[in-house]
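Undergrad: Can you read through this structure? Questions will come right after.
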Amino acid sequence: MMGDRDYRALIQSALGSIGKELQINVDSQNVQTIHLQEVVQCLRRSYFDRIDPVEIERRGFNELLSGLLRKLEYGSDPKEFDIDDIKLKGQTDMLVDDVIMLFRSAQNELENPLSNDVLYLNACLWIYDKTEGIIIYITGDKKETTFSLTRNKKMFEEVIRRVRVLNNLLKEQKAPILEPSTECSECQYYERCFVKKKNSKQVDIGEMLGIGKLGHKD
Ligand code: SF4
């Protein structure tokens, strides 16, 4: 904090506003359209995001990179894939020379791509009917790591299964089961899943035992 201004709060508020502008717009009432982002992350989180949302706290501008590229639509209009009467809607960050490209921020250089990014990229390959894609991770100190992928049917079938599960649970208004993972530690619903609010009442054990107040000498 400098002077009278709380700059941290100002930056948080700026990040929050830009983040809202760039995030994927999900119509929470329309359960027949499921967004790809909703099924590559924890389904329970996506359910809460629709039914009883809590805003996420954003930590830095590099988190906004992917949303910014999607917004600029570098050859990548959102597309829909029909699964019976459900629509799976996805959008790649970029589409260049028939190659699907995703950009993600990372804390450190990664040995392997993150599983939800692989699911996302693979599903985009099916939605856009392309065969090759890459994920580019960029760290805060501008180091890049790139992973390439050719499309895989089994992996896409898993995404389709998750689309059906989320669609059913939204229709039945039933929260999906917990999906414990590293995602939980940064999830805004952590307390709903793992830590119940304490309903504590101050109790004087000495009084309960009939021996006067503990810690006090008569
Ligand atoms: S805390 Fe974990 S299990 Fe619960 S909604 Fe978040 S990501 Fe899912």
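Following the order of the structure tokens, first chain is A, next is B, and so on, with residues numbered from 1 inside each chain and ligands from 1 in the order they appear.
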Output as CSV one row per residue of chain A within 9 Å of ligand 1: the closest atom pair and its distance in Å to one decimal place, counting only C-alpha atoms and all ligand atoms, sorted by chain and residue number ascending.

TA:
residue,atom,partner,partner_atom_place_in_ligand_line,distance
A:Gln41,CA,ligand 1,7 (S),7.5
A:Cys42,CA,ligand 1,8 (Fe),4.8
A:Leu43,CA,ligand 1,8 (Fe),6.7
A:Arg44,CA,ligand 1,5 (S),4.7
A:Arg45,CA,ligand 1,5 (S),3.8
A:Ser46,CA,ligand 1,5 (S),7.6
A:Tyr47,CA,ligand 1,5 (S),8.3
A:Phe48,CA,ligand 1,5 (S),7.3
A:Pro176,CA,ligand 1,5 (S),8.7
A:Ile177,CA,ligand 1,3 (S),7.4
A:Leu178,CA,ligand 1,3 (S),4.0
A:Glu179,CA,ligand 1,3 (S),4.3
A:Pro180,CA,ligand 1,3 (S),4.8
A:Ser181,CA,ligand 1,2 (Fe),6.2
A:Thr182,CA,ligand 1,2 (Fe),7.8
A:Glu183,CA,ligand 1,7 (S),5.1
A:Cys184,CA,ligand 1,2 (Fe),3.6
A:Ser185,CA,ligand 1,1 (S),6.8
A:Glu186,CA,ligand 1,6 (Fe),7.7
A:Cys187,CA,ligand 1,6 (Fe),4.6
A:Gln188,CA,ligand 1,6 (Fe),6.6
A:Tyr189,CA,ligand 1,6 (Fe),5.0
A:Tyr190,CA,ligand 1,1 (S),3.8
A:Glu191,CA,ligand 1,1 (S),7.1
A:Arg192,CA,ligand 1,4 (Fe),6.9
A:Cys193,CA,ligand 1,4 (Fe),4.7
A:Phe194,CA,ligand 1,1 (S),7.0

Undergrad: Identify which of the residues A:Ser76, A:Asn167, A:Thr145, A:Asn122 lies closest to Glu109 in chain A, counting only C-alpha atoms when measuring atom-to-atom distances.

TA: A:Thr145

Undergrad: Could you please determine the separation between CA of Asn108 in chain A and CA of Trp126 in chain A in Å, to one decimal place?

TA: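 Computing it gives 29.4 Å between the two atoms.
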
Undergrad: So which bits of range 130-188 of chain A end up strand (DSSP E) when you DSSP the backbone, as a list in words?

TA: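 DSSP on the backbone gives strand (DSSP E) at Glu132, Gly133, Ile134, Ile135, Ile136, Tyr137, Ile138, Thr139, Glu144, Thr145, Thr146, Phe147, Ser148, Leu149 and Thr150 of chain A.
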
Undergrad: Please save N, CA and C atoms of the selected residues as a short mmCIF file (atom, residue, chain, number, x, y, z; two decimals), in the first residue's frame.

TA:
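The resulting file, selection07.cif, is shown below:
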data_model
loop_
_atom_site.label_atom_id
_atom_site.label_comp_id
_atom_site.auth_asym_id
_atom_site.auth_seq_id
_atom_site.Cartn_x
_atom_site.Cartn_y
_atom_site.Cartn_z
N GLU A 132 -3.89 -31.86 -36.62
CA GLU A 132 -2.71 -31.49 -35.84
C GLU A 132 -2.95 -30.26 -34.98
N GLY A 133 -2.34 -30.29 -33.79
CA GLY A 133 -2.47 -29.11 -32.93
C GLY A 133 -1.27 -28.96 -32.03
N ILE A 134 -1.08 -27.75 -31.50
CA ILE A 134 0.02 -27.53 -30.54
C ILE A 134 -0.47 -26.70 -29.36
N ILE A 135 0.18 -26.96 -28.22
CA ILE A 135 -0.06 -26.12 -27.03
C ILE A 135 1.25 -25.41 -26.72
N ILE A 136 1.18 -24.11 -26.55
CA ILE A 136 2.39 -23.34 -26.24
C ILE A 136 2.24 -22.78 -24.83
N TYR A 137 3.13 -23.18 -23.94
CA TYR A 137 3.13 -22.65 -22.57
C TYR A 137 4.15 -21.52 -22.49
N ILE A 138 3.73 -20.41 -21.88
CA ILE A 138 4.64 -19.27 -21.75
C ILE A 138 4.76 -18.94 -20.27
N THR A 139 5.98 -18.88 -19.78
CA THR A 139 6.18 -18.56 -18.36
C THR A 139 6.29 -17.05 -18.18
N GLU A 144 9.24 -20.34 -23.49
CA GLU A 144 8.15 -21.07 -24.17
C GLU A 144 8.44 -22.56 -24.20
N THR A 145 7.42 -23.35 -23.99
CA THR A 145 7.54 -24.80 -24.20
C THR A 145 6.37 -25.19 -25.08
N THR A 146 6.65 -25.96 -26.13
CA THR A 146 5.60 -26.32 -27.08
C THR A 146 5.43 -27.84 -27.14
N PHE A 147 4.18 -28.28 -27.16
CA PHE A 147 3.88 -29.71 -27.29
C PHE A 147 2.95 -29.88 -28.49
N SER A 148 3.19 -30.92 -29.28
CA SER A 148 2.30 -31.14 -30.42
C SER A 148 1.46 -32.40 -30.20
N LEU A 149 0.33 -32.47 -30.87
CA LEU A 149 -0.60 -33.57 -30.67
C LEU A 149 -1.30 -33.90 -31.98
N THR A 150 -1.47 -35.20 -32.24
CA THR A 150 -2.36 -35.59 -33.35
C THR A 150 -3.63 -36.13 -32.72
#

Undergrad: Can you check which residues of range 61-178 of chain A DSSP gives as alpha helix (DSSP H) on the backbone and send them as number ranges by chain?

TA: A: 65-72, 115-127, 153-172

Undergrad: Find the residue from A:Asn116, A:Asp52, A:Asp85, A:Arg104 that sits nearest to Gln37 in chain A; use only C-alpha atoms when measuring.

TA: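 Among the listed residues, A:Asn116 lies closest to Gln37 in chain A.
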
Undergrad: Calculated over only C-alpha atoms, which of the candidates A:Leu88, A:Val159, A:Ala9, A:Val54 has the smallest distance to Asn30 in chain A?

TA: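 Of A:Leu88, A:Val159, A:Ala9, A:Val54, the one nearest Asn30 in chain A, counting only C-alpha atoms, is A:Leu88.
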
Undergrad: For Thr92 in chain A, list every protein, DNA or RNA residue within 8 Å, evaluated using only C-alpha atoms, and leave out those in the same chain fewer than 2 positions away; present the list as an NGL selection string.

TA: :A and (70 or 76-78 or 90 or 94-95 or 100-102 or 121 or 124)

Undergrad: Tell me which of A:Leu110, A:Ile56, A:Val31, A:Ile83 sits closest to Ile127 in chain A, counting only C-alpha atoms.

TA: A:Ile83

Undergrad: What separation in Å, quoted to one decimal, exists between CA of Ala106 in chain A and CA of Gly140 in chain A?

TA: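 Interatomic distance here is 7.3 Å.
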
Undergrad: May I ask for the distance between CA of Ala123 in chain A and CA of Gln32 in chain A, given in Å to one decimal place?

TA: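 Atom-to-atom, CA of Ala123 in chain A and CA of Gln32 in chain A are spaced 17.8 Å apart.
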